[in-house]
Structures are given as C-alpha cells and as structure tokens.
>>> print(open('target-v7.cif').read())   # mmCIF, C-alpha atoms and all ligand atoms
data_run
loop_
_atom_site.label_atom_id
_atom_site.label_comp_id
_atom_site.auth_asym_id
_atom_site.auth_seq_id
_atom_site.Cartn_x
_atom_site.Cartn_y
_atom_site.Cartn_z
CA MET R 234 1.56 -9.74 -0.85
CA SER R 235 2.19 -6.22 0.39
CA ASP R 236 2.28 -5.42 4.08
CA MET R 237 -1.19 -4.91 5.50
CA SER R 238 -0.27 -4.66 9.18
CA GLU R 239 -2.22 -1.37 9.37
CA LEU R 240 -5.36 -3.50 9.40
CA PHE R 241 -4.47 -4.95 12.79
CA ASP R 242 -7.39 -4.66 15.23
CA ARG R 243 -9.29 -2.25 12.97
CA ARG R 244 -13.07 -2.58 13.25
CA ILE R 245 -14.59 -2.85 9.79
CA VAL R 246 -18.25 -3.24 8.86
CA LEU R 247 -18.33 -4.86 5.43
CA GLY R 248 -21.58 -4.24 3.57
CA VAL R 249 -22.37 -6.65 0.76
CA THR R 250 -25.01 -5.65 -1.80
CA GLY R 251 -26.57 -7.58 -4.66
CA GLY R 252 -24.36 -8.42 -7.63
CA ILE R 253 -22.36 -11.20 -9.13
CA ALA R 254 -19.21 -9.72 -7.54
CA ALA R 255 -20.59 -10.62 -4.10
CA TYR R 256 -18.48 -13.78 -4.25
CA LYS R 257 -15.34 -11.60 -4.25
CA ALA R 258 -16.44 -10.20 -0.88
CA ALA R 259 -15.75 -13.62 0.67
CA GLU R 260 -12.10 -13.36 -0.35
CA LEU R 261 -12.06 -9.77 0.91
CA VAL R 262 -13.23 -10.91 4.37
CA ARG R 263 -10.42 -13.49 4.42
CA LEU R 264 -7.78 -10.87 3.50
CA LEU R 265 -9.03 -8.31 6.04
CA LEU R 266 -9.02 -10.97 8.77
CA ARG R 267 -5.58 -12.12 7.72
CA GLY R 268 -4.35 -8.52 8.21
CA GLY R 269 -5.75 -8.69 11.78
CA ALA R 270 -8.95 -6.66 11.28
CA GLN R 271 -12.22 -7.40 13.05
CA VAL R 272 -14.96 -7.76 10.47
CA ARG R 273 -18.76 -7.70 10.83
CA VAL R 274 -20.71 -8.41 7.67
CA VAL R 275 -24.00 -6.73 6.80
CA MET R 276 -25.87 -8.10 3.76
CA THR R 277 -28.71 -6.55 1.82
CA GLU R 278 -31.60 -8.74 0.82
CA SER R 279 -30.51 -8.96 -2.81
CA ALA R 280 -26.94 -9.88 -1.80
CA GLN R 281 -28.39 -13.02 -0.25
CA ALA R 282 -29.66 -14.09 -3.67
CA PHE R 283 -25.98 -14.31 -4.77
CA ILE R 284 -24.20 -15.67 -1.71
CA ALA R 285 -25.42 -17.22 1.52
CA PRO R 286 -24.97 -15.43 4.87
CA LEU R 287 -23.58 -18.71 6.18
CA THR R 288 -20.47 -18.27 3.97
CA PHE R 289 -19.63 -14.97 5.67
CA GLN R 290 -20.55 -16.33 9.07
CA ALA R 291 -18.14 -19.24 8.63
CA LEU R 292 -15.36 -16.94 7.34
CA SER R 293 -15.73 -14.17 9.92
CA GLY R 294 -16.71 -16.37 12.85
CA GLN R 295 -19.41 -13.79 13.64
CA PRO R 296 -23.14 -13.61 13.07
CA VAL R 297 -24.04 -11.93 9.78
CA HIS R 298 -26.44 -8.99 9.99
CA THR R 299 -29.26 -9.05 7.48
CA HIS R 300 -32.34 -7.34 8.92
CA LEU R 301 -33.08 -3.96 10.38
CA LEU R 302 -35.96 -5.08 12.50
CA ASP R 303 -34.78 -8.46 13.74
CA PRO R 304 -35.41 -8.59 17.53
CA ALA R 305 -32.80 -11.34 18.07
CA ALA R 306 -30.07 -9.45 16.17
CA GLU R 307 -30.99 -6.14 17.80
CA ALA R 308 -30.64 -7.78 21.21
CA GLY R 309 -27.07 -8.74 20.22
CA MET R 310 -25.47 -5.93 18.27
CA GLY R 311 -28.18 -3.56 17.05
CA HIS R 312 -27.88 -1.26 14.07
CA ILE R 313 -26.82 1.78 16.12
CA GLU R 314 -24.21 -0.21 18.01
CA LEU R 315 -22.88 -1.58 14.74
CA ALA R 316 -22.68 1.96 13.35
CA LYS R 317 -20.81 3.16 16.45
CA TRP R 318 -18.52 0.12 16.57
CA ALA R 319 -17.23 0.64 13.03
CA GLU R 320 -13.99 2.49 12.32
CA LEU R 321 -14.73 2.05 8.62
CA VAL R 322 -17.85 1.03 6.72
CA LEU R 323 -16.79 -0.62 3.48
CA ILE R 324 -19.39 -1.61 0.89
CA ALA R 325 -18.10 -4.16 -1.60
CA PRO R 326 -19.68 -4.79 -3.98
CA ALA R 327 -21.74 -1.59 -4.12
CA SER R 328 -24.53 -1.95 -6.70
CA ALA R 329 -25.93 0.95 -8.75
CA ASN R 330 -29.11 0.74 -6.72
CA PHE R 331 -27.20 0.88 -3.45
CA LEU R 332 -25.16 3.93 -4.58
CA ALA R 333 -28.42 5.67 -5.50
CA ARG R 334 -29.94 4.88 -2.12
CA LEU R 335 -26.79 6.06 -0.32
CA ALA R 336 -26.68 9.28 -2.35
CA THR R 337 -30.28 10.12 -1.43
CA GLY R 338 -29.76 9.29 2.24
CA GLN R 339 -32.30 6.49 2.48
CA ALA R 340 -32.54 4.25 5.51
CA ASP R 341 -34.88 1.54 4.33
CA ASP R 342 -32.75 -1.46 5.24
CA LEU R 343 -30.01 -2.35 7.70
CA LEU R 344 -27.03 -1.38 5.54
CA THR R 345 -28.30 2.07 4.48
CA THR R 346 -29.32 2.73 8.10
CA VAL R 347 -25.84 1.83 9.37
CA CYS R 348 -24.35 4.13 6.72
CA LEU R 349 -26.55 7.03 7.86
CA ALA R 350 -25.98 6.40 11.54
CA THR R 351 -22.22 5.96 11.51
CA SER R 352 -19.64 8.68 11.94
CA ALA R 353 -16.98 6.37 10.51
CA PRO R 354 -15.69 7.01 6.98
CA LEU R 355 -17.52 5.25 4.15
CA MET R 356 -15.76 3.47 1.33
CA VAL R 357 -17.58 1.93 -1.65
CA ALA R 358 -16.33 -0.45 -4.34
CA PRO R 359 -18.85 -0.14 -7.21
CA ALA R 360 -19.71 -3.22 -9.27
CA MET R 361 -22.15 -3.18 -12.13
CA ASN R 362 -22.67 -3.49 -15.87
CA GLN R 363 -20.68 -0.92 -17.87
CA ALA R 364 -23.77 0.85 -19.22
CA MET R 365 -25.17 1.19 -15.70
CA TRP R 366 -21.82 2.59 -14.49
CA ARG R 367 -21.62 5.05 -17.38
CA ASN R 368 -25.21 6.18 -16.95
CA PRO R 369 -25.28 9.86 -15.93
CA ALA R 370 -27.54 8.98 -13.00
CA THR R 371 -24.88 6.69 -11.49
CA GLN R 372 -22.11 9.16 -12.30
CA HIS R 373 -24.09 11.93 -10.63
CA ASN R 374 -24.67 9.77 -7.55
CA CYS R 375 -20.94 9.05 -7.31
CA GLN R 376 -20.17 12.75 -7.65
CA ILE R 377 -22.51 13.52 -4.75
CA LEU R 378 -20.95 10.75 -2.66
CA GLY R 379 -17.42 11.93 -3.50
CA GLN R 380 -18.31 15.46 -2.45
CA ARG R 381 -19.54 14.08 0.87
CA GLY R 382 -16.17 12.45 1.42
CA VAL R 383 -17.20 8.88 0.55
CA VAL R 384 -14.12 7.13 -0.85
CA ILE R 385 -14.92 5.44 -4.17
CA VAL R 386 -12.63 2.52 -4.90
CA GLY R 387 -12.67 1.52 -8.57
CA PRO R 388 -14.41 0.20 -10.53
CA GLY R 389 -11.97 -1.58 -12.83
CA GLU R 390 -12.33 -2.18 -16.54
CA GLY R 391 -12.55 -5.42 -18.43
CA GLU R 392 -14.78 -8.30 -19.37
CA GLN R 393 -17.99 -8.48 -17.39
CA ALA R 394 -20.14 -11.37 -16.19
CA CYS R 395 -22.86 -10.32 -18.67
CA GLY R 396 -20.43 -10.54 -21.61
CA ASP R 397 -19.95 -6.76 -22.03
CA THR R 398 -16.54 -5.12 -21.81
CA GLY R 399 -15.92 -1.78 -20.12
CA PRO R 400 -15.74 -0.05 -16.75
CA GLY R 401 -17.85 -1.43 -13.91
CA ARG R 402 -16.05 -4.51 -12.62
CA MET R 403 -15.41 -4.56 -8.92
CA LEU R 404 -11.68 -4.37 -8.18
CA GLU R 405 -10.05 -7.57 -6.98
CA ALA R 406 -10.29 -8.28 -3.26
CA LEU R 407 -6.54 -7.77 -2.80
CA GLU R 408 -6.65 -4.31 -4.42
CA ILE R 409 -9.51 -3.27 -2.15
CA ALA R 410 -7.77 -4.65 0.96
CA GLN R 411 -4.65 -2.67 0.04
CA VAL R 412 -6.63 0.56 -0.28
CA VAL R 413 -8.22 -0.12 3.12
CA ALA R 414 -4.78 -0.77 4.66
CA GLY R 415 -3.46 2.45 3.09
CA TYR R 416 -6.43 4.32 4.51
CA PHE R 417 -5.58 3.22 8.04
CA ARG R 418 -1.89 3.92 7.67
CA ARG R 419 -1.08 7.13 9.43
CA GLY R 420 1.17 8.47 6.73
CA MET R 421 2.93 11.81 6.48
CA LEU R 422 -0.15 13.36 4.86
CA ALA R 423 -2.79 11.78 7.12
CA GLY R 424 -5.76 14.11 7.53
CA LYS R 425 -4.56 16.36 4.70
CA VAL R 426 -6.38 17.21 1.47
CA VAL R 427 -4.14 17.09 -1.59
CA VAL R 428 -5.21 18.30 -5.04
CA ILE R 429 -3.15 17.32 -8.09
CA THR R 430 -3.54 18.32 -11.75
CA ALA R 431 -2.32 15.88 -14.40
CA GLY R 432 -2.24 15.15 -18.12
CA PRO R 433 -2.67 17.49 -21.06
CA THR R 434 -5.58 19.81 -21.75
CA ARG R 435 -7.47 19.80 -25.04
CA GLU R 436 -8.50 23.08 -26.61
CA PRO R 437 -11.17 22.58 -29.29
CA LEU R 438 -10.94 24.32 -32.67
CA ASP R 439 -14.18 22.97 -34.05
CA PRO R 440 -16.41 19.96 -33.29
CA VAL R 441 -13.74 17.47 -34.51
CA ARG R 442 -10.32 19.08 -33.89
CA TYR R 443 -8.33 20.26 -30.94
CA ILE R 444 -4.90 21.55 -29.87
CA SER R 445 -3.13 19.46 -27.25
CA ASN R 446 0.28 18.06 -26.28
CA HIS R 447 2.05 14.75 -25.63
CA SER R 448 1.71 14.69 -21.82
CA SER R 449 0.91 11.13 -20.70
CA GLY R 450 -0.23 12.08 -17.19
CA LYS R 451 2.07 9.43 -15.67
CA MET R 452 3.87 11.79 -13.28
CA GLY R 453 0.68 13.36 -11.93
CA TYR R 454 -1.03 9.97 -11.49
CA ALA R 455 2.05 8.57 -9.71
CA LEU R 456 2.08 11.60 -7.39
CA ALA R 457 -1.62 11.11 -6.64
CA ALA R 458 -1.07 7.43 -5.75
CA ALA R 459 1.90 8.38 -3.54
CA ALA R 460 -0.12 11.10 -1.75
CA ARG R 461 -2.94 8.60 -1.16
CA ASP R 462 -0.44 6.08 0.23
CA GLU R 463 0.76 8.75 2.67
CA GLY R 464 -2.81 8.96 3.98
CA ALA R 465 -4.03 12.09 2.15
CA ARG R 466 -7.55 12.55 0.83
CA THR R 467 -6.46 12.98 -2.75
CA ILE R 468 -8.28 14.71 -5.59
CA LEU R 469 -6.88 14.28 -9.09
CA ILE R 470 -7.97 16.79 -11.74
CA THR R 471 -6.99 15.22 -15.01
CA GLY R 472 -7.10 16.02 -18.68
CA PRO R 473 -7.63 13.12 -21.14
CA THR R 474 -5.09 10.31 -20.61
CA ARG R 475 -4.91 6.58 -21.28
CA LEU R 476 -4.32 5.82 -17.61
CA ALA R 477 -6.72 4.00 -15.28
CA ALA R 478 -7.95 6.02 -12.29
CA PRO R 479 -5.92 4.99 -9.23
CA PRO R 480 -8.19 3.39 -6.59
CA GLY R 481 -9.04 5.44 -3.51
CA ILE R 482 -8.64 8.78 -5.28
CA GLN R 483 -11.38 11.23 -6.27
CA VAL R 484 -10.91 11.82 -9.98
CA MET R 485 -12.31 14.89 -11.78
CA GLN R 486 -12.09 14.55 -15.57
CA VAL R 487 -11.64 17.78 -17.54
CA GLU R 488 -10.82 18.70 -21.14
CA THR R 489 -9.88 22.37 -21.40
CA ALA R 490 -7.66 24.67 -19.34
CA LYS R 491 -10.74 26.65 -18.30
CA GLU R 492 -12.43 23.50 -16.99
CA MET R 493 -9.22 22.58 -15.15
CA LEU R 494 -9.10 26.04 -13.61
CA ALA R 495 -12.70 25.81 -12.38
CA GLN R 496 -12.05 22.46 -10.67
CA ALA R 497 -8.69 23.63 -9.29
CA LEU R 498 -10.23 26.73 -7.69
CA GLU R 499 -13.13 24.75 -6.28
CA HIS R 500 -11.01 21.98 -4.74
CA GLY R 501 -7.83 24.01 -4.14
CA ALA R 502 -9.52 26.51 -1.83
CA GLY R 503 -9.18 25.00 1.62
CA ALA R 504 -6.89 22.14 0.49
CA ASP R 505 -3.55 21.65 2.27
CA LEU R 506 -1.42 20.96 -0.76
CA PHE R 507 -1.80 21.67 -4.49
CA ILE R 508 0.52 20.07 -7.03
CA ALA R 509 0.31 21.20 -10.66
CA ALA R 510 1.69 18.38 -12.77
CA ALA R 511 -0.59 19.05 -15.76
CA ALA R 512 0.79 20.22 -19.08
CA VAL R 513 -1.83 22.91 -19.59
CA ALA R 514 -2.07 24.19 -23.15
CA ASP R 515 -0.78 27.76 -23.00
CA TYR R 516 -3.10 28.97 -25.74
CA ALA R 517 -6.60 28.18 -26.93
CA PRO R 518 -8.46 29.20 -30.09
CA GLU R 519 -10.26 32.47 -29.48
CA LYS R 520 -13.50 31.00 -30.81
CA VAL R 521 -14.60 27.40 -31.22
CA ALA R 522 -16.17 27.02 -34.67
CA THR R 523 -19.69 25.62 -34.45
CA HIS R 524 -19.16 23.64 -37.64
CA LYS R 525 -16.18 21.76 -39.00
CA ILE R 526 -13.67 24.24 -40.48
CA LYS R 527 -13.50 23.82 -44.27
CA LYS R 528 -10.35 24.03 -46.37
CA GLU R 529 -9.53 27.54 -47.61
CA ALA R 530 -9.05 28.09 -51.36
CA ASN R 531 -5.63 29.74 -50.80
CA GLY R 532 -4.35 26.66 -48.90
CA GLU R 533 -3.81 28.57 -45.65
CA LEU R 534 -5.59 28.54 -42.34
CA HIS R 535 -5.01 31.30 -39.82
CA LEU R 536 -5.85 30.53 -36.23
CA HIS R 537 -6.21 33.24 -33.66
CA LEU R 538 -5.10 31.91 -30.30
CA VAL R 539 -5.51 33.58 -26.93
CA LYS R 540 -3.65 32.90 -23.70
CA ASN R 541 -5.20 30.38 -21.34
CA PRO R 542 -5.49 31.09 -17.61
CA ASP R 543 -2.51 29.96 -15.56
CA VAL R 544 -4.08 27.36 -13.28
CA VAL R 545 -1.30 27.06 -10.70
CA ALA R 546 -0.77 30.83 -10.47
CA GLU R 547 -4.51 31.36 -9.90
CA VAL R 548 -4.52 28.78 -7.09
CA ALA R 549 -1.47 30.49 -5.54
CA ARG R 550 -3.49 33.73 -5.54
CA LEU R 551 -6.39 32.25 -3.54
CA GLU R 552 -7.11 33.80 -0.18
CA ARG R 553 -7.16 30.43 1.60
CA ARG R 554 -4.14 29.25 -0.28
CA PRO R 555 -2.75 25.72 -0.05
CA PHE R 556 0.99 24.96 -0.12
CA VAL R 557 1.59 25.19 -3.87
CA VAL R 558 3.96 23.05 -5.93
CA GLY R 559 4.47 23.60 -9.65
CA PHE R 560 6.47 21.91 -12.39
CA ALA R 561 8.78 23.60 -14.86
CA ALA R 562 9.42 21.94 -18.19
CA GLU R 563 12.56 23.57 -19.60
CA THR R 564 14.97 22.89 -22.45
CA GLU R 565 17.82 25.22 -21.42
CA LYS R 566 19.06 27.05 -18.30
CA VAL R 567 16.77 24.67 -16.40
CA LEU R 568 17.45 25.89 -12.85
CA GLU R 569 17.52 29.57 -13.74
CA HIS R 570 14.23 29.45 -15.63
CA ALA R 571 12.59 27.28 -12.97
CA ARG R 572 13.59 29.71 -10.22
CA ALA R 573 12.11 32.59 -12.20
CA LYS R 574 8.85 30.61 -12.57
CA LEU R 575 8.82 29.85 -8.82
CA GLN R 576 8.81 33.57 -8.09
CA ARG R 577 6.58 34.70 -10.96
CA LYS R 578 3.83 32.22 -10.05
CA ASN R 579 4.31 32.71 -6.27
CA LEU R 580 4.91 28.97 -5.66
CA ASP R 581 6.34 27.34 -2.54
CA VAL R 582 8.21 24.65 -4.44
CA ILE R 583 8.95 24.01 -8.12
CA ILE R 584 10.02 20.72 -9.67
CA ALA R 585 12.16 21.32 -12.73
CA ASN R 586 12.85 18.87 -15.50
CA ASP R 587 14.84 19.08 -18.68
CA VAL R 588 12.43 18.17 -21.49
CA SER R 589 15.15 18.35 -24.15
CA ASP R 590 16.31 14.91 -22.92
CA THR R 591 13.94 12.45 -24.64
CA THR R 592 14.86 9.50 -22.37
CA ILE R 593 13.01 11.15 -19.47
CA GLY R 594 9.94 13.29 -18.85
CA PHE R 595 7.08 13.50 -21.35
CA ASN R 596 5.60 10.08 -22.12
CA SER R 597 8.55 8.23 -20.59
CA ASP R 598 8.38 5.92 -17.54
CA ASN R 599 11.41 7.64 -16.05
CA ASN R 600 12.15 11.14 -14.95
CA ALA R 601 14.99 13.15 -13.41
CA VAL R 602 14.22 16.41 -11.66
CA TRP R 603 15.41 19.20 -9.40
CA LEU R 604 13.23 20.27 -6.51
CA LEU R 605 13.67 23.98 -5.82
CA SER R 606 12.32 26.19 -3.08
CA GLY R 607 13.18 29.76 -2.08
CA GLU R 608 16.04 28.36 0.01
CA ASP R 609 17.43 25.20 -1.54
CA ALA R 610 17.72 22.84 -4.51
CA VAL R 611 17.67 19.03 -4.31
CA GLU R 612 18.57 16.80 -7.25
CA TYR R 613 16.60 13.60 -7.94
CA PRO R 614 18.53 11.59 -10.55
CA THR R 615 16.86 9.46 -13.28
CA GLN R 616 14.49 6.91 -11.81
CA ASP R 617 11.13 5.23 -12.31
CA LYS R 618 8.25 7.76 -12.03
CA GLN R 619 6.52 5.75 -9.26
CA GLN R 620 9.61 5.76 -7.08
CA LEU R 621 10.35 9.39 -7.87
CA ALA R 622 6.76 10.29 -6.96
CA ARG R 623 7.08 8.61 -3.54
CA ARG R 624 10.34 10.46 -2.83
CA LEU R 625 8.96 13.81 -3.98
CA ILE R 626 5.81 13.36 -1.89
CA SER R 627 7.88 12.58 1.26
CA ASP R 628 10.05 15.63 0.64
CA ILE R 629 7.05 17.89 -0.05
CA ALA R 630 5.14 16.50 2.98
CA ALA R 631 8.11 17.33 5.22
CA ARG R 632 8.28 20.86 3.77
CA LEU R 633 4.53 21.31 4.27
CA GLU R 634 4.92 20.25 7.91
CA ARG R 635 7.74 22.78 8.45
CA HIS R 636 5.74 25.50 6.67
CA ASN R 637 2.68 24.85 8.90
CA ASN R 638 4.83 24.83 12.05
CA LYS R 639 6.35 28.16 11.06
CA ALA R 640 2.92 29.66 10.34
CA SER R 641 1.41 28.60 13.68
N1 LIG R 701 0.61 25.73 -15.56
C1 LIG R 701 -0.70 25.95 -15.26
N2 LIG R 701 -1.51 26.59 -16.14
C2 LIG R 701 -1.02 27.03 -17.31
C3 LIG R 701 0.34 26.82 -17.65
C4 LIG R 701 1.13 26.16 -16.75
O1 LIG R 701 -1.15 25.55 -14.16
N3 LIG R 701 -1.81 27.65 -18.15
C5 LIG R 701 1.47 25.08 -14.57
C6 LIG R 701 1.98 23.71 -14.94
O2 LIG R 701 1.09 22.70 -14.47
C7 LIG R 701 3.32 23.66 -14.23
C8 LIG R 701 3.77 25.10 -14.24
O3 LIG R 701 2.61 25.87 -14.43
O4 LIG R 701 3.17 23.28 -12.89
C9 LIG R 701 4.78 25.47 -15.27
O5 LIG R 701 4.43 25.04 -16.54
P1 LIG R 701 5.35 25.33 -17.80
O6 LIG R 701 4.66 24.86 -19.03
O7 LIG R 701 6.74 24.86 -17.54
O8 LIG R 701 5.43 26.88 -17.76
P2 LIG R 701 4.65 28.02 -18.46
O9 LIG R 701 3.96 28.81 -17.42
O10 LIG R 701 3.81 27.49 -19.56
O11 LIG R 701 5.86 28.90 -18.99
P3 LIG R 701 6.69 28.85 -20.37
O12 LIG R 701 5.83 28.14 -21.38
O13 LIG R 701 6.89 30.29 -20.66
O14 LIG R 701 7.97 28.14 -20.05
#
>>> encode(input="target-v7.cif", output="structure tokens", more="lines below")
Ligand code: CTP
Amino acid sequence: MSDMSELFDRRIVLGVTGGIAAYKAAELVRLLLRGGAQVRVVMTESAQAFIAPLTFQALSGQPVHTHLLDPAAEAGMGHIELAKWAELVLIAPASANFLARLATGQADDLLTTVCLATSAPLMVAPAMNQAMWRNPATQHNCQILGQRGVVIVGPGEGEQACGDTGPGRMLEALEIAQVVAGYFRRGMLAGKVVVITAGPTREPLDPVRYISNHSSGKMGYALAAAARDEGARTILITGPTRLAAPPGIQVMQVETAKEMLAQALEHGAGADLFIAAAAVADYAPEKVATHKIKKEANGELHLHLVKNPDVVAEVARLERRPFVVGFAAETEKVLEHARAKLQRKNLDVIIANDVSDTTIGFNSDNNAVWLLSGEDAVEYPTQDKQQLARRLISDIAARLERHNNKAS
C-alpha cells in the first residue's frame, strides 16, 4: 500500500449517500483511519437503506450523523460545527440524486446543509448506473460542480451491480483514499492551477470521416497525474483517447483543434501553468460536408485544408498568461528546431523529442526528451512515461517557482 501519512490528523467528514456502493464506504473509513485521519460520518436517509449507521459508528468510534433537526445530535456536534470542523468533505458514494441536489445548492437534509455551510473543499466519488452517469443531466451537474472547484473522483468503468457494463462504478476505497492523501500532500504545485492538453484532435471531413493522428495521449495523461500528485488543481483538455480519466482531475473532452482552443483559452487564462502535450492536427478541412462524400468518377478526391489555430501559441499570447510549456516532435535537428519553436511560440519551456525513433514517443510507453528553456537544456534519457512525467513536473515546478520569484 502506498504511503498515506498525509492523512495524519486530517479532519474529514465522509458523506454516504444511497447506492449499492455504500458498502465500499466502510472500507474507506477503515483506510482513512489507518492513515491517521479523524473521520465523522454523515449518512443520507437513503444510504441507511443500504448500510446501517451502526457499522460506521463501530468503525469510526464516533456517533454517526443522520438528521438535520435532531436535538440530541445538535447538542453534540451540530451541522454548522461539523461544517466548520471539516478540512475536507468527501462524499462517497455520491448518487446521481445527490450530485443534482449539490449542483442546485439545496439544503434539505444534513449532508447537503453541511456541504453548503462548509468552507472546506468538497470531493465527490460518483456511483450510479452507466445510463444515469451518461445522462446529460448528470454530466451537466458534474460540469457545474467542477467549475465550482468540487473535485470529482472517478467514476470507474466495468461491470455494475445491475448487470450493465460501463462508466459509473465507484472507484475502489483504496483509490479514493490515495486521492485524498494526495490532496493533503503539500506538493511543489500546491495551490496552483495546471492546465494540460493531451491526445490527438479529430478534424471531421463529413459525418463519418475525420483526419487525425496516432497520438495515444499517454504523455499528457501521465503529466496530469504527476501534477495532481504535486498538489495542483489539474485540468486535462483531451482529444479522443483510449485512456481512463485519472481520478482527482477535471477532464474536458474535445474533438477538434478549435474546441481544444476554446477550452484552453477559458481555463488557461488565470492558470499558473499550461502544458501543451496534445498532438493538434495542423490542418482541418475547410468545410465539413453535411452528407457523406461520394466517390468521384475520375477516382480522385481533392481536399482543401486550412491551417488550424495554434493552441499553445494562443495561450502564450493571453494577457494573464500562465507559465507555458510546449512539446516539439521532431525528426531531425531536434534541438535546433525545438529552440526555434520555443521562440516562435513565445514559450517558457519546450520539451523536445525525436519522433523518428519508433521505440519511444508516439504510442509507446517510453519516451526520451530534452527540456529546453531560454537558458539551458537538460536531457532525460529513455524511461517509462510515468516516471518521466514525475521528473518533468518537478523540474517545471521548480522553474515556475523561480519565474514567480523573479517576477515579484
Ligand atoms: N500545438 C498546438 N496547436 C497546434 C499545433 C501545435 O498547441 N495547432 C502545440 C503542441 O501541443 C506542442 C507544440 O505546439 O506543444 C509543438 O507541436 P509540433 O507539432 O511539434 O509543432 P508545430 O507547431 O505543428 O510545427 P511543425 O509541424 O512545423 O513542426
């Protein structure tokens, strides 16, 4: 088990809402306590249909809070005291109904009231049937919560209690406990907002075809997980990939370069750090055909492509500009071309890799890069993308710190 010493003495209110995953919350209490946290459990009425308050009372050694207007409980630790006591309010499992109530700011039971009254960060681990999770209403609620800074952990994918398969399963208790521990860790990027682009973009030709590339998104996702582990509030803007969203990260799904640009400008303005790991398609069809393009009699098809916006360069042009890191995929004169790109796009740092070597980079689990700034160049030899991401994030975080010190 990974180190969870950051949990020591942390005051966590764990909200349990109605759902079959409520039983996993019992294991979560055990793990949080084992890490040294103090845990107070608040249950909604429907949660009590799945698991008895006595279970949580026995595990936590503390009374379980179930009612808003219970004179005996209010005489002990009332709802406002509970809200003030918490350093984190974690809701696991969070049902679709609960997310909806949280998104609309209701205070019609103890848990929603505590959530409204607290100034502590909120973290939710959704758990529901896949169709309920995919429903635009739930997605919209999560978007609202994400924009308010609520950390959404999961859900995972897989077989569900109802027999369906898909996204909606609550993450395992250990995964949630690790995210909580990471949240409390005062890492090198604690308090910072980091925005990362990842994956390819898809540029539609007609309703069934598109232009894209082989980017797997692995490097960008690994960087996002590493930034999160260093304590950053991390936003990942991703084109279509086969990768699961890393827990504890706000994920914005996009398809085209234009959609990526819109998200990057929205989240990049005011962010501390922007890392462009996406392989943005350089060109897009001038027009998207409304109907499927039919074969031409002469056996030729001429496409007219126009240049896409340069996402990273646009972010670097923002008035409230974050520290900007780009990537350079090169096949020759790697350092020379990367340095030219650093200047042309007005970046603070560029990470260069040689994409002519098929054992690294695109689609591979390994990568070898050079990190270049205006002043220096550091070589990172071939290694696993996760490890490389952690090293790059530490290096970039240290440069960001120096940059901010110089500016102030
Ligand atoms: N990039 C971007 N938007 C684009 C093209 C590139 O944000 N439309 C970003 C990439 O995410 C990467 C950096 O710019 O961080 C460099 O990408 P790369 O493909 O190497 O460079 P290009 O600008 O496309 O230059 P060229 O194709 O001429 O090498």
>>> closest_residue(input="target-v7.cif", among="R:Ile629, R:Ala622, R:Ile593, R:Leu498", to="ligand LIG 701 (chain R)", atoms="only C-alpha atoms and all ligand atoms")
R:Leu498
>>> residues_near_ligand(input="target-v7.cif", ligand="ligand LIG 701 (chain R)", cutoff="6 Å", atoms="all atoms listed in the file", output="ChimeraX atom specification")
/R:509-513,515,541-545,559-562
>>> closest_residue(input="target-v7.cif", among="R:Gln363, R:Met452, R:Glu547, R:Leu266", to="Lys491 of chain R", atoms="all atoms listed in the file")
R:Glu547
>>> residues_around(input="target-v7.cif", residues="Val249 of chain R", least_positions_apart="6", cutoff="12 Å", atoms="only C-alpha atoms", output="ChimeraX atom specification")
/R:255-259,261-262,273-286,289,297-299,322-328,331,343-345,357-360
>>> closest_residue(input="target-v7.cif", among="R:Asp598, R:Glu408, R:Asp581, R:Asp397", to="Lys618 of chain R", atoms="only C-alpha atoms")
R:Asp598
>>> residues_around(input="target-v7.cif", residues="segment 374-382 of chain R", least_positions_apart="3", cutoff="10 Å", atoms="only C-alpha atoms", output="ChimeraX atom specification")
/R:329,332-337,354-357,359,366,369-371,385,466,468,482-485
>>> residues_around(input="target-v7.cif", residues="segment 519-533 of chain R", least_positions_apart="2", cutoff="10 Å", atoms="all atoms listed in the file", output="PDB file with C-alpha atoms, in the coordinates of the input")
ATOM      1  CA  GLU R 436      -8.500  23.080 -26.610  1.00  0.00           C
ATOM      2  CA  PRO R 437     -11.170  22.580 -29.290  1.00  0.00           C
ATOM      3  CA  LEU R 438     -10.940  24.320 -32.670  1.00  0.00           C
ATOM      4  CA  ASP R 439     -14.180  22.970 -34.050  1.00  0.00           C
ATOM      5  CA  PRO R 440     -16.410  19.960 -33.290  1.00  0.00           C
ATOM      6  CA  VAL R 441     -13.740  17.470 -34.510  1.00  0.00           C
ATOM      7  CA  ARG R 442     -10.320  19.080 -33.890  1.00  0.00           C
ATOM      8  CA  TYR R 443      -8.330  20.260 -30.940  1.00  0.00           C
ATOM      9  CA  TYR R 516      -3.100  28.970 -25.740  1.00  0.00           C
ATOM     10  CA  ALA R 517      -6.600  28.180 -26.930  1.00  0.00           C
ATOM     11  CA  HIS R 535      -5.010  31.300 -39.820  1.00  0.00           C
ATOM     12  CA  LEU R 536      -5.850  30.530 -36.230  1.00  0.00           C
ATOM     13  CA  HIS R 537      -6.210  33.240 -33.660  1.00  0.00           C
ATOM     14  CA  LEU R 538      -5.100  31.910 -30.300  1.00  0.00           C
ATOM     15  CA  VAL R 539      -5.510  33.580 -26.930  1.00  0.00           C
ATOM     16  CA  LYS R 540      -3.650  32.900 -23.700  1.00  0.00           C
ATOM     17  CA  ASN R 541      -5.200  30.380 -21.340  1.00  0.00           C
TER      18      ASN R 541
END
>>> closest_residue(input="target-v7.cif", among="R:Leu321, R:Ala502, R:Leu302, R:Gly309", to="Asp342 of chain R", atoms="only C-alpha atoms")
R:Leu302
>>> atom_distance(input="target-v7.cif", atom1="atom CA of Lys451 of chain R", atom2="atom CA of Gly432 of chain R")
7.6 Å
